[in-house]
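Q: This is query.txt, which holds compact mmCIF, C-alpha atoms:
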# COMPACT_ATOMS: atom_id res chain seq x y z
CA MET Z 254 -29.00 -2.38 5.33
CA LYS Z 255 -26.56 -0.04 3.59
CA VAL Z 256 -22.88 -0.99 4.06
CA PRO Z 257 -20.32 1.48 2.66
CA PHE Z 258 -17.09 0.13 1.23
CA PHE Z 259 -15.29 2.77 3.30
CA THR Z 260 -16.18 5.89 5.25
CA PRO Z 261 -13.85 8.18 7.23
CA VAL Z 262 -16.78 9.82 9.04
CA ARG Z 263 -17.24 7.18 11.74
CA GLU Z 264 -13.59 7.37 12.76
CA TYR Z 265 -13.70 11.16 12.81
CA LEU Z 266 -16.71 11.11 15.13
CA ASN Z 267 -14.88 8.69 17.46
CA TYR Z 268 -11.86 10.98 17.79
CA GLN Z 269 -13.49 14.31 16.95
CA LYS Z 270 -12.17 16.26 19.93
CA GLU Z 271 -8.57 15.08 19.40
CA LEU Z 272 -8.66 15.72 15.66
CA ASP Z 273 -10.34 19.11 15.92
CA HIS Z 274 -7.79 20.23 18.52
CA ALA Z 275 -4.83 19.00 16.44
CA ILE Z 276 -6.04 20.77 13.30
CA GLN Z 277 -6.93 23.94 15.20
CA GLN Z 278 -3.41 24.20 16.63
CA VAL Z 279 -1.98 24.19 13.10
CA LEU Z 280 -4.46 26.87 12.03
CA LEU Z 281 -3.56 29.00 15.04
CA ARG Z 282 0.18 28.72 14.33
CA GLY Z 283 -0.21 29.08 10.58
CA ASP Z 284 2.80 26.85 9.85
CA PHE Z 285 1.19 25.04 6.92
CA ILE Z 286 4.39 24.09 5.03
CA LEU Z 287 6.84 21.77 6.85
CA GLY Z 288 5.44 22.97 10.13
CA GLU Z 289 6.04 21.66 13.62
CA GLU Z 290 3.72 18.66 13.26
CA VAL Z 291 5.64 17.29 10.27
CA GLY Z 292 8.87 16.87 12.21
CA LEU Z 293 7.01 15.43 15.19
CA PHE Z 294 5.19 12.92 13.01
CA GLU Z 295 8.43 11.88 11.32
CA GLN Z 296 9.98 11.18 14.73
CA GLU Z 297 6.92 9.20 15.88
CA ALA Z 298 6.95 7.22 12.64
CA ILE Z 299 10.64 6.41 13.20
CA LYS Z 300 9.80 5.08 16.67
CA TYR Z 301 6.86 2.98 15.44
CA LEU Z 302 8.65 1.58 12.40
CA GLU Z 303 12.04 1.21 14.10
CA ALA Z 304 13.60 2.85 11.05
CA PRO Z 305 16.48 5.34 11.46
CA TYR Z 306 15.19 8.03 9.08
CA ALA Z 307 11.76 9.16 7.83
CA VAL Z 308 10.95 11.98 5.40
CA GLY Z 309 7.37 13.17 4.89
CA VAL Z 310 6.29 13.94 1.32
CA ALA Z 311 3.08 14.93 -0.43
CA SER Z 312 1.83 11.47 -1.48
CA GLY Z 313 2.75 7.83 -1.74
CA THR Z 314 3.21 8.29 -5.47
CA ASP Z 315 5.66 11.14 -4.91
CA ALA Z 316 7.49 8.97 -2.40
CA LEU Z 317 7.92 6.30 -5.09
CA VAL Z 318 9.12 8.78 -7.71
CA ILE Z 319 11.61 10.48 -5.39
CA ALA Z 320 12.89 7.13 -4.09
CA SER Z 321 13.27 5.83 -7.66
CA ASP Z 322 15.25 8.96 -8.48
CA LEU Z 323 17.48 8.51 -5.42
CA LEU Z 324 18.19 4.89 -6.41
CA ASP Z 325 18.94 5.87 -10.01
CA PHE Z 326 16.10 3.86 -11.57
CA ARG Z 327 16.42 5.88 -14.77
CA ASP Z 328 17.73 6.05 -18.33
CA GLY Z 329 17.06 2.48 -19.44
CA ALA Z 330 17.70 0.80 -16.10
CA GLU Z 331 15.51 -2.28 -15.69
CA VAL Z 332 13.56 -2.64 -12.45
CA LEU Z 333 11.55 -5.75 -11.56
CA THR Z 334 8.04 -5.12 -10.24
CA PRO Z 335 4.78 -7.08 -10.18
CA THR Z 336 2.26 -6.61 -12.95
CA PHE Z 337 -0.64 -7.03 -10.53
CA THR Z 338 -0.46 -3.86 -8.46
CA PHE Z 339 -1.39 -0.18 -8.51
CA PHE Z 340 -0.18 1.95 -11.42
CA ALA Z 341 2.26 4.03 -9.34
CA SER Z 342 4.46 1.00 -8.63
CA ALA Z 343 5.58 1.08 -12.26
CA SER Z 344 4.97 4.67 -13.38
CA CYS Z 345 7.62 5.86 -10.89
CA ILE Z 346 10.20 3.92 -12.93
CA ALA Z 347 8.87 4.78 -16.36
CA ARG Z 348 8.63 8.55 -15.83
CA LEU Z 349 12.37 8.66 -15.07
CA GLY Z 350 13.23 6.78 -18.25
CA GLY Z 351 13.71 3.46 -16.49
CA ARG Z 352 12.11 0.28 -17.80
CA PRO Z 353 9.60 -1.58 -15.64
CA VAL Z 354 10.07 -5.33 -16.05
CA PHE Z 355 6.83 -6.97 -15.04
CA VAL Z 356 6.62 -10.20 -13.05
CA ASP Z 357 3.68 -12.56 -12.55
CA ILE Z 358 2.22 -13.37 -9.14
CA ASN Z 359 1.95 -16.32 -6.82
CA GLU Z 360 -1.68 -17.34 -7.33
CA GLU Z 361 -2.21 -18.37 -3.70
CA THR Z 362 -0.79 -15.30 -1.93
CA LEU Z 363 -1.13 -12.77 -4.82
CA GLN Z 364 2.45 -11.60 -4.11
CA MET Z 365 5.16 -11.20 -6.74
CA ASP Z 366 6.59 -14.59 -7.72
CA LEU Z 367 10.25 -14.30 -6.70
CA ASN Z 368 11.33 -17.32 -8.75
CA ALA Z 369 9.83 -15.72 -11.84
CA ALA Z 370 11.51 -12.42 -10.90
CA GLU Z 371 14.96 -14.00 -10.72
CA ARG Z 372 14.54 -15.45 -14.24
CA LYS Z 373 14.06 -11.91 -15.58
CA ILE Z 374 17.31 -10.46 -14.22
CA THR Z 375 19.69 -9.22 -16.92
CA LYS Z 376 22.87 -7.12 -17.05
CA LYS Z 377 20.63 -4.04 -17.25
CA THR Z 378 18.68 -4.85 -14.08
CA LYS Z 379 19.25 -2.11 -11.52
CA GLY Z 380 16.73 -2.95 -8.83
CA ILE Z 381 13.65 -4.69 -7.50
CA LEU Z 382 10.45 -2.93 -6.47
CA PRO Z 383 8.46 -5.41 -4.35
CA VAL Z 384 4.93 -4.34 -3.44
CA HIS Z 385 3.53 -5.34 -0.05
CA LEU Z 386 -0.18 -5.64 -0.67
CA PHE Z 387 -3.17 -7.95 -0.26
CA ASN Z 388 -2.65 -7.79 3.52
CA GLN Z 389 0.86 -9.25 3.64
CA PRO Z 390 4.46 -8.38 2.79
CA VAL Z 391 6.47 -9.95 0.02
CA PRO Z 392 8.84 -12.64 1.46
CA MET Z 393 11.77 -10.33 2.08
CA GLU Z 394 14.39 -12.79 3.33
CA PRO Z 395 14.78 -14.60 -0.03
CA LEU Z 396 14.44 -11.28 -1.85
CA LEU Z 397 17.33 -9.84 0.15
CA LYS Z 398 19.49 -12.82 -0.83
CA MET Z 399 18.54 -12.35 -4.49
CA ALA Z 400 19.34 -8.63 -4.38
CA LYS Z 401 22.72 -9.30 -2.79
CA ALA Z 402 23.59 -12.01 -5.31
CA TYR Z 403 22.90 -9.72 -8.27
CA ASP Z 404 23.86 -6.37 -6.67
CA LEU Z 405 20.37 -4.90 -6.94
CA ALA Z 406 18.79 -2.04 -5.01
CA ILE Z 407 15.48 -2.68 -3.25
CA LEU Z 408 12.70 -0.10 -3.15
CA GLU Z 409 9.83 -1.41 -1.00
CA ASP Z 410 6.39 -0.17 -1.97
CA ALA Z 411 4.68 -0.36 1.42
CA ALA Z 412 1.90 2.05 0.46
CA GLU Z 413 -0.68 -0.42 1.82
CA ALA Z 414 1.54 -2.06 4.41
CA TRP Z 415 1.63 0.12 7.52
CA GLY Z 416 2.10 -2.25 10.46
CA MET Z 417 2.80 -5.42 8.45
CA GLU Z 418 5.84 -7.45 9.48
CA CYS Z 419 7.97 -10.23 8.06
CA LYS Z 420 10.60 -12.43 9.61
CA ILE Z 421 14.26 -11.81 8.77
CA GLY Z 422 16.40 -14.42 10.50
CA ASP Z 423 15.15 -14.50 14.09
CA SER Z 424 13.78 -10.95 14.04
CA TRP Z 425 10.51 -9.40 12.96
CA LYS Z 426 10.88 -6.30 10.78
CA LYS Z 427 8.25 -3.83 9.66
CA ALA Z 428 7.47 -4.03 5.95
CA GLY Z 429 9.02 -1.01 4.27
CA THR Z 430 12.06 -0.85 6.55
CA ILE Z 431 14.07 -3.75 5.11
CA GLY Z 432 15.30 -2.63 1.67
CA ASP Z 433 17.39 0.37 0.67
CA ILE Z 434 14.32 2.61 0.76
CA GLY Z 435 10.70 2.02 1.72
CA ILE Z 436 7.67 4.20 1.11
CA TYR Z 437 4.19 4.56 2.63
CA SER Z 438 0.99 6.22 1.48
CA PHE Z 439 -1.42 8.04 3.78
CA PHE Z 440 -4.32 8.15 1.31
CA PRO Z 441 -7.53 8.33 3.41
CA THR Z 442 -8.51 4.68 2.92
CA LYS Z 443 -5.17 3.33 4.16
CA THR Z 444 -4.67 1.62 7.52
CA LEU Z 445 -2.99 4.84 8.63
CA GLY Z 446 -4.74 7.39 6.45
CA GLY Z 447 -4.91 11.16 6.47
CA TYR Z 448 -7.64 13.56 5.37
CA GLY Z 449 -5.98 14.06 2.00
CA ASP Z 450 -2.82 12.87 0.27
CA GLY Z 451 0.42 12.21 2.11
CA GLY Z 452 3.44 9.92 1.96
CA LEU Z 453 6.60 8.90 3.75
CA ILE Z 454 10.08 7.80 2.67
CA VAL Z 455 12.07 5.67 5.14
CA THR Z 456 15.65 4.43 4.97
CA SER Z 457 18.57 3.37 7.13
CA ASN Z 458 20.99 5.24 4.86
CA PRO Z 459 21.74 8.77 6.17
CA ASP Z 460 22.87 10.03 2.76
CA LEU Z 461 19.68 8.89 1.05
CA ALA Z 462 17.62 10.43 3.85
CA GLN Z 463 19.39 13.77 3.53
CA LYS Z 464 18.98 13.80 -0.25
CA ALA Z 465 15.28 12.98 0.15
CA ARG Z 466 14.92 16.06 2.39
CA TRP Z 467 16.59 18.20 -0.28
CA TYR Z 468 14.63 16.62 -3.12
CA ARG Z 469 11.27 17.37 -1.48
CA VAL Z 470 12.05 21.12 -1.53
CA HIS Z 471 13.06 21.55 -5.18
CA GLY Z 472 16.50 20.02 -4.65
CA ALA Z 473 17.61 22.92 -2.48
CA LYS Z 474 20.12 22.47 0.35
CA LYS Z 475 19.50 26.10 1.22
CA LYS Z 476 16.45 28.11 0.17
CA TYR Z 477 16.86 29.37 -3.42
CA TYR Z 478 20.14 27.46 -3.84
CA HIS Z 479 19.41 24.31 -5.85
CA GLU Z 480 21.93 21.46 -5.96
CA TYR Z 481 19.51 19.03 -7.65
CA LEU Z 482 16.51 19.04 -9.97
CA GLY Z 483 14.18 18.18 -7.14
CA TYR Z 484 10.45 18.17 -6.51
CA ASN Z 485 7.80 20.20 -4.74
CA SER Z 486 6.59 17.44 -2.43
CA ARG Z 487 6.12 18.09 1.26
CA LEU Z 488 3.85 16.38 3.75
CA ASP Z 489 1.18 18.93 4.62
CA THR Z 490 1.29 20.12 8.24
CA VAL Z 491 -2.46 19.60 8.72
CA GLN Z 492 -2.13 16.03 7.42
CA ALA Z 493 0.77 15.40 9.79
CA ALA Z 494 -1.38 16.62 12.68
CA VAL Z 495 -4.18 14.23 11.70
CA LEU Z 496 -1.74 11.35 11.27
CA ARG Z 497 -0.25 11.93 14.73
CA VAL Z 498 -3.69 11.55 16.32
CA LYS Z 499 -4.47 8.43 14.32
CA LEU Z 500 -1.05 6.90 14.99
CA ASN Z 501 -1.93 6.94 18.69
CA HIS Z 502 -4.84 4.62 17.92
CA ILE Z 503 -3.24 2.51 15.19
CA GLN Z 504 -2.90 -0.75 17.11
CA GLU Z 505 -6.56 -0.72 18.07
CA ALA Z 506 -7.48 -0.04 14.44
CA ILE Z 507 -5.29 -2.93 13.22
CA GLU Z 508 -6.88 -5.30 15.76
CA LYS Z 509 -10.39 -4.31 14.70
CA ARG Z 510 -9.50 -4.90 11.05
CA ALA Z 511 -8.18 -8.36 11.96
CA LYS Z 512 -11.37 -9.16 13.86
CA HIS Z 513 -13.53 -8.28 10.86
CA ALA Z 514 -11.26 -10.28 8.54
CA GLU Z 515 -11.56 -13.33 10.81
CA HIS Z 516 -15.35 -12.88 10.79
CA TYR Z 517 -15.38 -12.81 6.97
CA MET Z 518 -13.14 -15.87 6.74
CA LYS Z 519 -15.31 -17.88 9.10
CA ARG Z 520 -18.45 -17.08 7.12
CA LEU Z 521 -17.12 -17.19 3.56
CA SER Z 522 -14.58 -20.03 3.65
CA VAL Z 523 -17.42 -22.58 3.49
CA ILE Z 524 -18.74 -21.24 0.16
CA PRO Z 525 -17.29 -23.42 -2.65
CA GLU Z 526 -17.37 -20.61 -5.21
CA VAL Z 527 -15.27 -18.30 -3.01
CA ARG Z 528 -11.52 -18.57 -2.45
CA ILE Z 529 -9.60 -16.51 0.10
CA PRO Z 530 -5.90 -15.73 -0.56
CA ILE Z 531 -3.44 -17.56 1.69
CA ILE Z 532 -1.26 -15.78 4.25
CA PRO Z 533 1.81 -17.84 5.30
CA ASP Z 534 3.08 -18.19 8.86
CA ASN Z 535 6.29 -16.19 8.38
CA VAL Z 536 4.47 -12.83 8.11
CA HIS Z 537 2.29 -10.72 10.38
CA PRO Z 538 -0.57 -9.47 8.20
CA VAL Z 539 -2.52 -6.25 8.46
CA TYR Z 540 -5.95 -6.34 6.84
CA TYR Z 541 -6.00 -3.14 4.87
CA VAL Z 542 -8.58 -4.71 2.55
CA PHE Z 543 -10.43 -8.02 2.47
CA ASN Z 544 -10.31 -9.65 -0.94
CA ILE Z 545 -12.05 -12.77 -2.12
CA LEU Z 546 -11.64 -14.62 -5.41
CA VAL Z 547 -14.91 -15.50 -7.10
CA ILE Z 548 -14.57 -18.50 -9.41
CA GLU Z 549 -16.60 -19.54 -12.47
CA LYS Z 550 -16.71 -15.98 -13.88
CA LYS Z 551 -19.41 -14.86 -11.45
CA ARG Z 552 -17.52 -11.88 -9.99
CA ASP Z 553 -19.20 -9.15 -12.01
CA ALA Z 554 -22.67 -10.58 -11.41
CA LEU Z 555 -21.93 -10.69 -7.67
CA ILE Z 556 -20.83 -7.03 -7.75
CA GLN Z 557 -24.14 -6.05 -9.30
CA PHE Z 558 -26.06 -8.21 -6.81
CA LEU Z 559 -24.31 -6.56 -3.87
CA LYS Z 560 -24.80 -3.09 -5.35
CA GLU Z 561 -28.55 -3.72 -5.53
CA ARG Z 562 -28.42 -4.60 -1.83
CA GLU Z 563 -26.44 -1.42 -1.05
CA VAL Z 564 -23.16 -3.16 -0.25
CA GLY Z 565 -20.09 -1.25 -1.42
CA THR Z 566 -17.31 -3.15 -3.20
CA THR Z 567 -14.35 -2.41 -5.43
CA VAL Z 568 -11.84 -4.33 -7.54
CA TYR Z 569 -8.08 -4.27 -6.87
CA TYR Z 570 -7.17 -4.52 -9.80
CA PRO Z 571 -9.31 -4.94 -12.92
CA LEU Z 572 -6.45 -4.77 -15.45
CA PRO Z 573 -2.83 -5.84 -14.83
CA LEU Z 574 -0.20 -3.23 -15.63
CA HIS Z 575 1.25 -5.06 -18.64
CA LEU Z 576 -2.12 -4.59 -20.41
CA GLN Z 577 -2.50 -0.89 -19.57
CA PRO Z 578 -2.38 1.26 -22.73
CA CYS Z 579 0.33 3.56 -21.32
CA PHE Z 580 2.72 0.60 -21.05
CA SER Z 581 2.07 -0.79 -24.53
CA TYR Z 582 5.54 0.40 -25.61
CA LEU Z 583 7.04 -2.30 -23.38
CA GLY Z 584 5.77 -4.93 -25.80
CA TYR Z 585 3.76 -7.15 -23.47
CA LYS Z 586 0.59 -8.86 -24.66
CA GLU Z 587 -2.40 -10.72 -23.28
CA GLY Z 588 -1.37 -14.14 -22.03
CA ASP Z 589 2.13 -13.09 -20.92
CA PHE Z 590 1.17 -13.22 -17.21
CA PRO Z 591 -1.70 -15.71 -16.98
CA ARG Z 592 -1.93 -15.84 -13.19
CA ALA Z 593 -2.30 -12.08 -12.82
CA GLU Z 594 -4.75 -11.95 -15.70
CA GLY Z 595 -6.84 -14.75 -14.20
CA VAL Z 596 -6.93 -13.20 -10.73
CA SER Z 597 -7.90 -9.80 -12.16
CA GLU Z 598 -11.14 -11.38 -13.39
CA GLN Z 599 -11.92 -13.01 -10.03
CA ILE Z 600 -10.84 -10.63 -7.30
CA LEU Z 601 -13.31 -8.58 -5.28
CA ALA Z 602 -12.73 -6.35 -2.23
CA LEU Z 603 -15.42 -6.25 0.45
CA PRO Z 604 -16.03 -3.53 3.05
CA LEU Z 605 -13.32 -3.47 5.72
CA PHE Z 606 -12.53 -0.62 8.09
CA PRO Z 607 -12.24 -0.51 11.89
CA GLU Z 608 -15.64 1.06 12.51
CA LEU Z 609 -17.50 -1.61 10.54
CA THR Z 610 -19.98 -3.51 12.76
CA ASP Z 611 -20.43 -7.26 13.17
CA ASP Z 612 -23.98 -6.90 11.91
CA GLU Z 613 -22.70 -5.23 8.74
CA VAL Z 614 -20.17 -8.01 8.13
CA ASP Z 615 -22.91 -10.60 8.65
CA TYR Z 616 -25.18 -8.75 6.21
CA VAL Z 617 -22.45 -8.74 3.53
CA CYS Z 618 -21.89 -12.47 4.07
CA ASP Z 619 -25.64 -13.17 4.04
CA CYS Z 620 -25.91 -11.42 0.68
CA ILE Z 621 -23.01 -13.42 -0.77
CA GLU Z 622 -24.54 -16.68 0.49
CA GLU Z 623 -27.86 -15.67 -1.02
CA PHE Z 624 -26.23 -14.96 -4.38
CA PHE Z 625 -24.62 -18.39 -4.59
CA ARG Z 626 -27.75 -20.18 -3.47
The structure given in the file should be rewritten as structure tokens.

A:
Amino acid sequence: MKVPFFTPVREYLNYQKELDHAIQQVLLRGDFILGEEVGLFEQEAIKYLEAPYAVGVASGTDALVIASDLLDFRDGAEVLTPTFTFFASASCIARLGGRPVFVDINEETLQMDLNAAERKITKKTKGILPVHLFNQPVPMEPLLKMAKAYDLAILEDAAEAWGMECKIGDSWKKAGTIGDIGIYSFFPTKTLGGYGDGGLIVTSNPDLAQKARWYRVHGAKKKYYHEYLGYNSRLDTVQAAVLRVKLNHIQEAIEKRAKHAEHYMKRLSVIPEVRIPIIPDNVHPVYYVFNILVIEKKRDALIQFLKEREVGTTVYYPLPLHLQPCFSYLGYKEGDFPRAEGVSEQILALPLFPELTDDEVDYVCDCIEEFFR
């Protein structure tokens, strides 16, 4: 049996008529740049997220860069962010002249260790960039208290977190809507993914929202009149049309992902050589990916074994950010963040998307059991 790590084709075939119609309407109108569907999607995103303002941009990475600019993460400002995450969570700071200050992870949840983060706060610290990934949000209630105590801005990287929730007081809040600014990515593999790049900036601050709208069109309040050194970063109208269709089916997709994750956990939790990251009770997870930790340095051999049996896998992430060559100027070295470094050698992502079948999940688990036998 061949099991892809991810394929968008099955979903397209399920909703082909809706998707074809949505795309065709854009083609017939010809409003490809900030067209009608962009504004409609922004309003639907606001309703789903319960966030006052949403601004569509060209990618999740652009959303991070623009948001970092809006929060003044520049010119030597220190910003705390985890070392075990995707590159864009730190490059958005560095490219503006800010200084990413890396933080190790909690080994059980794989989230940024907030106690370790607080120990790194200095007079130069401007903000915190928590990353909601590995199926759950960072604990935002204690992070909010920390930010308030030290007067820090919060930029939530919710690129992988569409639909995740965490508890703030007695209320449940969507990940990405709690800090000063939150961002989402609509890369095709995401829980809510487009058919190309796309991103979203959300905030409850009307001034930040307005500036984000200006920034995405070259910093112009009026066409050809530029108040700011902005960006060329607009959510594509075709992508917005696709996202509107998929947003109508998002809860079903999230439930199917959870079902597959539960299936994996039931089968794999009994294998001594496999550990599954913990998700605490004070969050509502969304299974964007399903990661396992393979102990005793057998991860790479398992990858090869699964490849031979036509099972797709990937590694999020093989090298922590503090060891990436482009960040060598920050002065970190091997051993500085032992938990992230250890996990990077153990972690393995298995196939997980809504259209996966139970038989395919069982086949993946059968192969893993066979390997460890």

Q: Of the candidates Z:Ser438, Z:Ala307, Z:Leu408, Z:Lys255, which shows the shortest atom-to-atom distance to Thr334 (chain Z), using only C-alpha atoms?

A: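 Closest to Thr334 (chain Z), using only C-alpha atoms: Z:Leu408.
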
Q: Mind giving me the straight-line distance from CA of Glu264 (chain Z) to CA of Tyr569 (chain Z) in Å, one decimal?

A: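 Rounded to one decimal, the two atoms are 23.5 Å apart.
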
Q: What does the distance between CA of Tyr448 (chain Z) and CA of Gly292 (chain Z) come to in Å, to one decimal place?

A: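 It comes out at 18.2 Å.
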
Q: Give me, please, the distance in Å between CA of Arg552 (chain Z) and CA of Glu598 (chain Z), quoted to one decimal.

A: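 Straight-line distance from CA of Arg552 (chain Z) to CA of Glu598 (chain Z) works out to 7.2 Å.
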
Q: For a quick check of understanding, using all atoms listed in the file, which of Z:Lys401, Z:Arg562, Z:Arg348, Z:Lys270 has the smallest distance to Met254 (chain Z)?

A: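 Among the listed residues, the smallest separation from Met254 (chain Z) belongs to Z:Arg562.
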
Q: Looking at all atoms listed in the file, which of Z:Phe340, Z:Lys519, Z:Asp284, Z:Glu561 is the one that sits closest to Leu576 (chain Z)?

A: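 Counting all atoms listed in the file, the residue closest to Leu576 (chain Z) is Z:Phe340.
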
Q: Do a neighbour search on Pro441 (chain Z) at 8 Å with all atoms listed in the file, toss out local chain neighbours closer than 6 positions, and write the hits as a list in words.

A: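 Near neighbours after the sequence-gap exclusion: Pro261, Gly447, Tyr448, Gly449 and Asp450 of chain Z.
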
Q: Take the point (8.6, -6.5, -15.3) as written in the file and pick out every residue within 6 Å of it, counting all atoms listed in the file; give the list as JSON, numbers by chain.

A: {"Z": [333, 334, 353, 354, 355, 356]}

Q: Can you tell me which residues surround Ala593 (chain Z) at a distance of at most 8 Å, considering all atoms listed in the file, apart from same-chain residues fewer than 4 positions away, and format the answer as a count of residues only?

A: 7

Q: Quick one: residues within 9 Å of Arg327 (chain Z), all atoms listed in the file counted, chain neighbours fewer than 6 positions away excluded, as a PyMOL selection string?

A: chain Z and resi 321+346-352

Q: Keeping only C-alpha atoms, take the residues you just selected and write them out as a compact mmCIF listing (two decimals), keeping the file's coordinate frame.

A:
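again32.txt written:
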# COMPACT_ATOMS: atom_id res chain seq x y z
CA SER Z 321 13.27 5.83 -7.66
CA ILE Z 346 10.20 3.92 -12.93
CA ALA Z 347 8.87 4.78 -16.36
CA ARG Z 348 8.63 8.55 -15.83
CA LEU Z 349 12.37 8.66 -15.07
CA GLY Z 350 13.23 6.78 -18.25
CA GLY Z 351 13.71 3.46 -16.49
CA ARG Z 352 12.11 0.28 -17.80

Q: Which is closer to Val491 (chain Z) than all the others in Z:Trp467, Z:Cys579, Z:Glu549, Z:Gly451, using only C-alpha atoms?

A: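 Comparing Z:Trp467, Z:Cys579, Z:Glu549, Z:Gly451 against Val491 (chain Z), the winner is Z:Gly451.
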
Q: Using only C-alpha atoms, which residues of region 352-444 of chain Z come within 10 Å of region 601-618 of chain Z, and what is the closest atom pair for each, with the distance in Å to one decimal? Give it as a Markdown table, sorted by chain and residue number.

A:
| residue | atom | partner | partner_atom | distance |
| --- | --- | --- | --- | --- |
| Z:Phe387 | CA | Z:Ala602 | CA | 9.9 |
| Z:Thr442 | CA | Z:Phe606 | CA | 8.4 |
| Z:Lys443 | CA | Z:Phe606 | CA | 9.2 |
| Z:Thr444 | CA | Z:Phe606 | CA | 8.2 |

Q: Store the residues picked out above in a file with C-alpha atoms, as a compact mmCIF listing (two decimals), keeping the file's coordinate frame.

A:
# COMPACT_ATOMS: atom_id res chain seq x y z
CA PHE Z 387 -3.17 -7.95 -0.26
CA THR Z 442 -8.51 4.68 2.92
CA LYS Z 443 -5.17 3.33 4.16
CA THR Z 444 -4.67 1.62 7.52

Q: Can you work out which one of Z:Met393, Z:Val308, Z:Val291, Z:Ala275 has the shortest atom-to-atom distance to Ile454 (chain Z), counting all atoms listed in the file?

A: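 Using all atoms listed in the file, the shortest distance to Ile454 (chain Z) belongs to Z:Val308.
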
Q: Listing only residues of region 322-362 of chain Z within 12 Å of region 524-545 of chain Z, what is the closest atom pair and its distance in Å (to one decimal) for each, using all atoms listed in the file, sorted by chain and residue number ascending, as a tab-separated table?

A:
residue	atom	partner	partner_atom	distance
Z:Asn359	CA	Z:Pro530	CA	10.1
Z:Glu360	CA	Z:Pro530	CA	8.1
Z:Glu361	CA	Z:Pro530	CA	5.5
Z:Thr362	CA	Z:Ile531	CA	5.0

Q: So which residues touch Ser486 (chain Z) within 6 Å, counting only C-alpha atoms, skipping near sequence neighbours fewer than 2 positions away, as number ranges by chain?

A: Z: 310-311, 469, 484

Q: Would you mind putting back N, CA and C atoms on region 345-356 of chain Z, then writing it out as a PDB file, in the coordinates of the input?

A:
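Listed below is the output, result_22.pdb:
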ATOM      1  N   CYS Z 345       6.484   5.165 -11.525  1.00  0.00           N
ATOM      2  CA  CYS Z 345       7.620   5.860 -10.890  1.00  0.00           C
ATOM      3  C   CYS Z 345       8.927   5.532 -11.599  1.00  0.00           C
ATOM      4  N   ILE Z 346       9.012   4.340 -12.171  1.00  0.00           N
ATOM      5  CA  ILE Z 346      10.200   3.920 -12.930  1.00  0.00           C
ATOM      6  C   ILE Z 346      10.154   4.528 -14.325  1.00  0.00           C
ATOM      7  N   ALA Z 347       9.005   4.379 -14.966  1.00  0.00           N
ATOM      8  CA  ALA Z 347       8.870   4.780 -16.360  1.00  0.00           C
ATOM      9  C   ALA Z 347       9.056   6.287 -16.553  1.00  0.00           C
ATOM     10  N   ARG Z 348       8.561   7.089 -15.619  1.00  0.00           N
ATOM     11  CA  ARG Z 348       8.630   8.550 -15.830  1.00  0.00           C
ATOM     12  C   ARG Z 348      10.056   9.073 -15.706  1.00  0.00           C
ATOM     13  N   LEU Z 349      10.965   8.272 -15.149  1.00  0.00           N
ATOM     14  CA  LEU Z 349      12.370   8.660 -15.070  1.00  0.00           C
ATOM     15  C   LEU Z 349      13.194   8.082 -16.216  1.00  0.00           C
ATOM     16  N   GLY Z 350      12.511   7.386 -17.129  1.00  0.00           N
ATOM     17  CA  GLY Z 350      13.230   6.780 -18.250  1.00  0.00           C
ATOM     18  C   GLY Z 350      13.721   5.388 -17.968  1.00  0.00           C
ATOM     19  N   GLY Z 351      13.396   4.856 -16.779  1.00  0.00           N
ATOM     20  CA  GLY Z 351      13.710   3.460 -16.490  1.00  0.00           C
ATOM     21  C   GLY Z 351      12.727   2.546 -17.191  1.00  0.00           C
ATOM     22  N   ARG Z 352      12.968   1.250 -17.110  1.00  0.00           N
ATOM     23  CA  ARG Z 352      12.110   0.280 -17.800  1.00  0.00           C
ATOM     24  C   ARG Z 352      11.523  -0.695 -16.784  1.00  0.00           C
ATOM     25  N   PRO Z 353      10.225  -0.594 -16.522  1.00  0.00           N
ATOM     26  CA  PRO Z 353       9.600  -1.580 -15.640  1.00  0.00           C
ATOM     27  C   PRO Z 353       9.631  -2.960 -16.309  1.00  0.00           C
ATOM     28  N   VAL Z 354      10.082  -3.947 -15.575  1.00  0.00           N
ATOM     29  CA  VAL Z 354      10.070  -5.330 -16.050  1.00  0.00           C
ATOM     30  C   VAL Z 354       9.050  -6.071 -15.190  1.00  0.00           C
ATOM     31  N   PHE Z 355       7.933  -6.423 -15.812  1.00  0.00           N
ATOM     32  CA  PHE Z 355       6.830  -6.970 -15.040  1.00  0.00           C
ATOM     33  C   PHE Z 355       7.039  -8.450 -14.722  1.00  0.00           C
ATOM     34  N   VAL Z 356       6.477  -8.834 -13.567  1.00  0.00           N
ATOM     35  CA  VAL Z 356       6.620 -10.200 -13.050  1.00  0.00           C
ATOM     36  C   VAL Z 356       5.235 -10.700 -12.654  1.00  0.00           C
TER      37      VAL Z 356
END
